[in-house]
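Data file: model28.cif. Format and content: mmCIF, C-alpha atoms.
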data_start
#
loop_
_atom_site.label_atom_id
_atom_site.label_comp_id
_atom_site.auth_asym_id
_atom_site.auth_seq_id
_atom_site.Cartn_x
_atom_site.Cartn_y
_atom_site.Cartn_z
CA MET Q 682 27.41 -79.37 45.50
CA PRO Q 683 26.65 -82.42 43.39
CA ASN Q 684 29.45 -84.92 43.10
CA PHE Q 685 30.04 -85.34 39.34
CA PRO Q 686 32.66 -87.66 37.93
CA GLU Q 687 35.56 -85.46 36.74
CA SER Q 688 34.76 -86.01 33.07
CA ASP Q 689 31.15 -84.84 33.56
CA ARG Q 690 31.87 -81.65 35.53
CA PRO Q 691 30.56 -78.50 33.85
CA GLY Q 692 33.29 -76.46 32.15
CA LEU Q 693 35.89 -79.22 32.34
CA SER Q 694 36.73 -81.70 29.65
CA GLY Q 695 38.61 -84.27 31.62
CA SER Q 696 41.59 -82.02 32.35
CA SER Q 697 42.38 -79.80 35.29
CA GLU Q 698 42.98 -76.82 32.99
CA PRO Q 699 39.98 -74.66 32.05
CA GLU Q 700 39.34 -74.27 28.34
CA LEU Q 701 40.39 -70.85 27.04
CA PRO Q 702 39.36 -69.30 23.74
CA GLU Q 703 41.89 -69.90 21.00
CA GLY Q 704 44.42 -67.08 20.65
CA LEU Q 705 43.83 -65.65 24.14
CA GLU Q 706 47.06 -64.65 25.82
CA ILE Q 707 47.29 -63.70 29.46
CA PRO Q 708 50.19 -61.31 30.12
CA ASP Q 709 52.63 -61.96 32.97
CA ASP Q 710 52.29 -58.36 34.13
CA LEU Q 711 48.63 -57.55 34.83
CA SER Q 712 49.27 -53.91 35.81
CA ALA Q 713 48.21 -52.76 32.35
CA LEU Q 714 44.71 -54.04 33.09
CA THR Q 715 44.26 -51.75 36.08
CA GLY Q 716 45.37 -48.56 34.35
CA SER Q 717 47.92 -46.04 35.49
CA ASP Q 718 48.67 -45.29 39.12
CA GLU Q 719 48.87 -41.64 38.12
CA PRO Q 720 45.74 -39.54 38.66
CA GLU Q 721 44.60 -37.37 35.78
CA ILE Q 722 44.83 -34.27 37.97
CA ALA Q 723 46.09 -33.47 41.46
CA VAL Q 724 45.19 -30.13 43.05
CA LEU Q 725 45.94 -28.66 46.47
CA ILE Q 726 43.23 -26.45 47.94
CA THR Q 727 44.86 -23.91 50.25
CA GLN Q 728 43.96 -20.91 52.34
CA VAL Q 729 47.01 -19.05 51.03
CA ALA Q 730 45.47 -15.81 49.80
CA ASP Q 731 47.88 -15.06 46.96
CA ALA Q 732 48.80 -17.33 44.02
CA GLU Q 733 52.31 -15.83 43.86
CA ALA Q 734 52.87 -16.57 47.55
CA LEU Q 735 51.69 -20.16 47.05
CA ALA Q 736 53.99 -20.61 44.04
CA ALA Q 737 56.88 -19.23 46.13
CA ALA Q 738 56.08 -21.60 49.01
CA CYS Q 739 56.04 -24.50 46.54
CA VAL Q 740 59.47 -23.45 45.23
CA LEU Q 741 60.81 -23.60 48.79
CA ALA Q 742 59.25 -27.08 49.15
CA GLN Q 743 60.86 -28.02 45.80
CA ILE Q 744 57.50 -28.85 44.22
CA GLU Q 745 56.60 -27.77 40.67
CA VAL Q 746 53.10 -26.32 40.45
CA ASP Q 747 50.86 -23.89 38.67
CA ALA Q 748 49.13 -21.71 41.29
CA VAL Q 749 45.61 -20.52 40.54
CA PRO Q 750 44.08 -17.57 42.40
CA THR Q 751 40.54 -17.97 43.75
CA PRO Q 752 38.42 -15.84 46.09
CA VAL Q 753 38.89 -18.30 48.99
CA GLY Q 754 42.60 -19.15 48.57
CA ALA Q 755 44.98 -20.24 45.88
CA LEU Q 756 45.00 -23.69 44.30
CA ALA Q 757 48.21 -25.53 43.43
CA VAL Q 758 47.96 -27.81 40.41
CA LEU Q 759 50.72 -30.39 40.84
CA ARG Q 760 52.80 -31.28 37.80
CA ASP Q 761 54.20 -34.57 39.13
CA ARG Q 762 51.27 -36.92 39.67
CA SER Q 763 53.17 -40.21 39.54
CA GLY Q 764 53.00 -42.74 42.37
CA GLU Q 765 53.13 -41.16 45.81
CA ALA Q 766 54.30 -37.76 44.47
CA PRO Q 767 50.99 -35.94 45.13
CA ARG Q 768 50.88 -37.09 48.77
CA ALA Q 769 54.55 -36.27 49.31
CA ALA Q 770 54.02 -32.83 47.75
CA ALA Q 771 51.01 -32.13 49.97
CA ALA Q 772 52.98 -33.11 53.07
CA ARG Q 773 56.00 -30.94 52.12
CA ILE Q 774 53.95 -27.89 51.17
CA SER Q 775 51.91 -28.15 54.38
CA GLN Q 776 55.20 -28.05 56.31
CA VAL Q 777 56.21 -24.82 54.55
CA VAL Q 778 52.85 -23.13 55.26
CA LYS Q 779 52.69 -24.27 58.90
CA GLY Q 780 49.37 -23.93 60.65
CA VAL Q 781 47.46 -23.67 57.38
CA PRO Q 782 45.62 -26.90 56.51
CA LEU Q 783 45.33 -27.87 52.88
CA VAL Q 784 43.39 -30.51 50.98
CA LEU Q 785 44.80 -32.71 48.22
CA VAL Q 786 42.17 -33.56 45.61
CA THR Q 787 43.01 -36.16 42.98
CA ARG Q 788 40.84 -37.37 40.12
CA ASP Q 789 41.34 -40.72 38.48
CA GLY Q 790 38.61 -41.33 35.92
CA GLU Q 791 35.42 -40.43 37.74
CA GLN Q 792 36.88 -41.19 41.19
CA LEU Q 793 37.73 -38.21 43.41
CA THR Q 794 39.89 -38.62 46.50
CA CYS Q 795 40.36 -35.85 49.05
CA ARG Q 796 42.95 -35.91 51.86
CA ARG Q 797 43.66 -33.19 54.43
CA TYR Q 798 47.23 -32.24 55.45
CA THR Q 799 48.40 -30.06 58.31
CA ASP Q 800 52.01 -29.31 59.25
CA GLY Q 801 53.31 -32.19 57.14
CA ALA Q 802 50.89 -34.79 58.52
CA ASP Q 803 48.20 -36.64 56.58
CA ASP Q 804 45.03 -36.06 58.63
CA GLY Q 805 43.04 -38.61 56.62
CA GLU Q 806 40.47 -38.80 53.88
CA LEU Q 807 37.56 -36.38 53.54
CA PRO Q 808 34.28 -36.95 51.70
CA PRO Q 809 34.56 -35.34 48.22
CA GLY Q 810 31.01 -33.96 48.48
CA LEU Q 811 31.94 -32.07 51.64
CA VAL Q 812 35.11 -30.66 50.09
CA LEU Q 813 33.49 -29.65 46.82
CA GLY Q 814 30.43 -28.14 48.53
CA GLY Q 815 32.25 -24.90 49.28
CA ALA Q 816 34.99 -25.20 46.68
CA PRO Q 817 35.83 -22.37 44.31
CA GLU Q 818 34.46 -22.57 40.79
CA ALA Q 819 37.98 -22.80 39.36
CA LEU Q 820 38.51 -26.12 41.17
CA GLU Q 821 35.33 -27.61 39.74
CA ASP Q 822 36.28 -26.38 36.27
CA LEU Q 823 39.72 -28.00 36.54
CA LEU Q 824 38.45 -31.29 37.98
CA THR Q 825 35.73 -31.69 35.38
CA GLY Q 826 37.99 -30.64 32.51
CA HIS Q 827 35.58 -27.81 31.70
CA LEU Q 828 38.55 -25.40 31.68
CA SER Q 829 42.28 -25.98 31.34
CA LEU Q 830 45.00 -24.10 33.22
CA ASP Q 831 45.63 -21.98 30.11
CA GLU Q 832 42.04 -20.72 30.24
CA LEU Q 833 42.11 -19.61 33.89
CA PRO Q 834 43.14 -16.02 34.70
CA GLY Q 835 46.09 -15.16 36.95
CA VAL Q 836 47.86 -18.54 36.92
CA VAL Q 837 51.38 -18.31 38.38
CA SER Q 838 53.93 -20.97 37.44
CA SER Q 839 56.61 -21.99 39.92
CA ASP Q 840 59.02 -22.19 36.94
CA GLY Q 841 61.44 -19.32 36.84
CA ILE Q 842 61.11 -18.52 40.54
CA GLY Q 843 64.44 -19.13 42.24
CA ARG Q 844 64.75 -19.87 45.95
CA LEU Q 845 66.03 -16.36 46.75
CA LYS Q 846 63.20 -14.74 44.81
CA ALA Q 847 60.72 -17.05 46.57
CA VAL Q 848 61.99 -15.93 49.98
CA ARG Q 849 61.72 -12.26 48.92
CA MET Q 850 58.17 -12.82 47.61
CA LEU Q 851 57.08 -14.45 50.86
CA SER Q 852 58.72 -11.69 52.91
CA ALA Q 853 56.84 -9.04 50.93
CA VAL Q 854 53.52 -10.85 51.43
CA SER Q 855 54.27 -11.20 55.14
CA ARG Q 856 55.07 -7.48 55.47
CA LYS Q 857 51.84 -6.57 53.67
CA ALA Q 858 49.83 -8.79 55.99
CA ARG Q 859 51.42 -7.22 59.10
CA LYS Q 860 50.69 -3.69 57.82
CA LYS Q 861 47.00 -4.55 57.33
CA LYS Q 862 46.65 -5.60 60.96
#

Step by step, read the file and then write its structure as structure tokens.
Amino acid sequence: MPNFPESDRPGLSGSSEPELPEGLEIPDDLSALTGSDEPEIAVLITQVADAEALAAACVLAQIEVDAVPTPVGALAVLRDRSGEAPRAAAARISQVVKGVPLVLVTRDGEQLTCRRYTDGADDGELPPGLVLGGAPEALEDLLTGHLSLDELPGVVSSDGIGRLKAVRMLSAVSRKARKKK
């Protein structure tokens, strides 16, 4: 690097402070520049066959969701997307549905993140292309914003399901499954 006298250095006018455009203010808190830490949508892909059973399991995990039926398993659209809430919800729900892995998909802008959970443990990140390759159409519609929850058929809200009703719903699903075997 050439050794210029301080007064001749490019971008400096004899002071150690860089020149800033007039009227430019730099805020003390720069978090507003990076956007929100809340994804636009957070969805759990599950192998739980019935949307009502998934909503009931979420009630037992104390997680508010809207469960969406699909041909390959129900989806849980998480209502609380702030901070670490989606990861905590995925871990708690995967503890309730032991032995059934699930995938948390979050979208922030055009960035998709997919993480697998089993029995309460975060098994790590998965490539979004791999996850979406066999994903139900309803998931793609939700993630792209092509359809809203109101436009999907058979959505079951966890609102209004008490803990006792949730236990009864899960018992009924369990009995049905045993009778089919």

Inset, instruction - Within 8 Å of (48.7, -23.9, 36.9) (coordinates as in the file), grab all the protein and nucleic acid residues, counting all atoms listed in the file, and write them out as a ChimeraX atom specification. - result: /Q:746-749,757-759,830-831,836-838

Would you mind exporting C-alpha atoms of the selected residues as a CSV table (one decimal), keeping the file's coordinate frame?
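Output contents, as saved in part_2.csv:
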chain,number,residue,atom,x,y,z
Q,746,VAL,CA,53.1,-26.3,40.4
Q,747,ASP,CA,50.9,-23.9,38.7
Q,748,ALA,CA,49.1,-21.7,41.3
Q,749,VAL,CA,45.6,-20.5,40.5
Q,757,ALA,CA,48.2,-25.5,43.4
Q,758,VAL,CA,48.0,-27.8,40.4
Q,759,LEU,CA,50.7,-30.4,40.8
Q,830,LEU,CA,45.0,-24.1,33.2
Q,831,ASP,CA,45.6,-22.0,30.1
Q,836,VAL,CA,47.9,-18.5,36.9
Q,837,VAL,CA,51.4,-18.3,38.4
Q,838,SER,CA,53.9,-21.0,37.4

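If you count all atoms listed in the file and ignore residues fewer than 2 places along the chain from range 722-735 of chain Q, what sits within 7 Å of it is Pro720, Ala737, Ala738, Cys739, Ala748, Val749, Pro750, Val753, Gly754, Ala755, Leu756, Ala757, Val758, Leu759, Arg762, Pro767, Val781, Pro782, Leu783, Val784, Leu785, Val786, Thr787, Arg788, Val837, Met850, Leu851 and Val854 of chain Q.
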
Writer output for current selection, C-alpha atoms, as a PDB file, in the coordinates of the input:
ATOM      1  CA  PRO Q 720      45.740 -39.540  38.660  1.00  0.00           C
ATOM      2  CA  ALA Q 737      56.880 -19.230  46.130  1.00  0.00           C
ATOM      3  CA  ALA Q 738      56.080 -21.600  49.010  1.00  0.00           C
ATOM      4  CA  CYS Q 739      56.040 -24.500  46.540  1.00  0.00           C
ATOM      5  CA  ALA Q 748      49.130 -21.710  41.290  1.00  0.00           C
ATOM      6  CA  VAL Q 749      45.610 -20.520  40.540  1.00  0.00           C
ATOM      7  CA  PRO Q 750      44.080 -17.570  42.400  1.00  0.00           C
ATOM      8  CA  VAL Q 753      38.890 -18.300  48.990  1.00  0.00           C
ATOM      9  CA  GLY Q 754      42.600 -19.150  48.570  1.00  0.00           C
ATOM     10  CA  ALA Q 755      44.980 -20.240  45.880  1.00  0.00           C
ATOM     11  CA  LEU Q 756      45.000 -23.690  44.300  1.00  0.00           C
ATOM     12  CA  ALA Q 757      48.210 -25.530  43.430  1.00  0.00           C
ATOM     13  CA  VAL Q 758      47.960 -27.810  40.410  1.00  0.00           C
ATOM     14  CA  LEU Q 759      50.720 -30.390  40.840  1.00  0.00           C
ATOM     15  CA  ARG Q 762      51.270 -36.920  39.670  1.00  0.00           C
ATOM     16  CA  PRO Q 767      50.990 -35.940  45.130  1.00  0.00           C
ATOM     17  CA  VAL Q 781      47.460 -23.670  57.380  1.00  0.00           C
ATOM     18  CA  PRO Q 782      45.620 -26.900  56.510  1.00  0.00           C
ATOM     19  CA  LEU Q 783      45.330 -27.870  52.880  1.00  0.00           C
ATOM     20  CA  VAL Q 784      43.390 -30.510  50.980  1.00  0.00           C
ATOM     21  CA  LEU Q 785      44.800 -32.710  48.220  1.00  0.00           C
ATOM     22  CA  VAL Q 786      42.170 -33.560  45.610  1.00  0.00           C
ATOM     23  CA  THR Q 787      43.010 -36.160  42.980  1.00  0.00           C
ATOM     24  CA  ARG Q 788      40.840 -37.370  40.120  1.00  0.00           C
ATOM     25  CA  VAL Q 837      51.380 -18.310  38.380  1.00  0.00           C
ATOM     26  CA  MET Q 850      58.170 -12.820  47.610  1.00  0.00           C
ATOM     27  CA  LEU Q 851      57.080 -14.450  50.860  1.00  0.00           C
ATOM     28  CA  VAL Q 854      53.520 -10.850  51.430  1.00  0.00           C
TER      29      VAL Q 854
END

Inset, instruction - Using only C-alpha atoms, pick whichever of Q:Leu845, Q:Ala736, Q:Ala742, Q:Cys795 has the shortest atom-to-atom distance to Leu813 in chain Q. - result: Q:Cys795

Legend entry - Counting all atoms listed in the file, the residue of Q:Ala819, Q:Ala802, Q:Val848, Q:Leu824 that sits nearest Gly790 in chain Q: Q:Leu824

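Here CA of Arg773 in chain Q stands at a distance of 10.6 Å from CA of Asp803 in chain Q.
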
Inset, instruction - On this file, the PyMOL selection byres ((chain Q and resi 810) around 12) gives some set of residues; write that set as a list of chain:residue names. - result: Q:Val786, Q:Gln792, Q:Leu793, Q:Thr794, Q:Cys795, Q:Glu806, Q:Leu807, Q:Pro808, Q:Pro809, Q:Leu811, Q:Val812, Q:Leu813, Q:Gly814, Q:Gly815, Q:Ala816, Q:Glu821

Inset, instruction - List the residues selected by the PyMOL selection byres ((chain Q and resi 772) around 7) in the file shown, writing them as an NGL selection string. - result: :Q and (768-771 or 773-776 or 798 or 801-803)

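One distance worth recording is that between CA of Asp800 in chain Q and CA of Lys779 in chain Q, which is 5.1 Å.
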
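CA of Leu833 in chain Q is found 22.2 Å from CA of Glu791 in chain Q.
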
Step by step, gather every atom of range 820-834 of chain Q that the file lists, find the box along x, y and z that holds them, add 5 Å on each side, and finally give centre and edge lengths in Å to one decimal, as AutoDock Vina command-line options.
--center_x 40.5 --center_y -23.9 --center_z 35.6 --size_x 20.3 --size_y 25.7 --size_z 21.1

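Closest approach to Ser763 in chain Q among Q:Glu721, Q:Asp804, Q:Asp822, Q:Glu832 is made by Q:Glu721 (distances from only C-alpha atoms).
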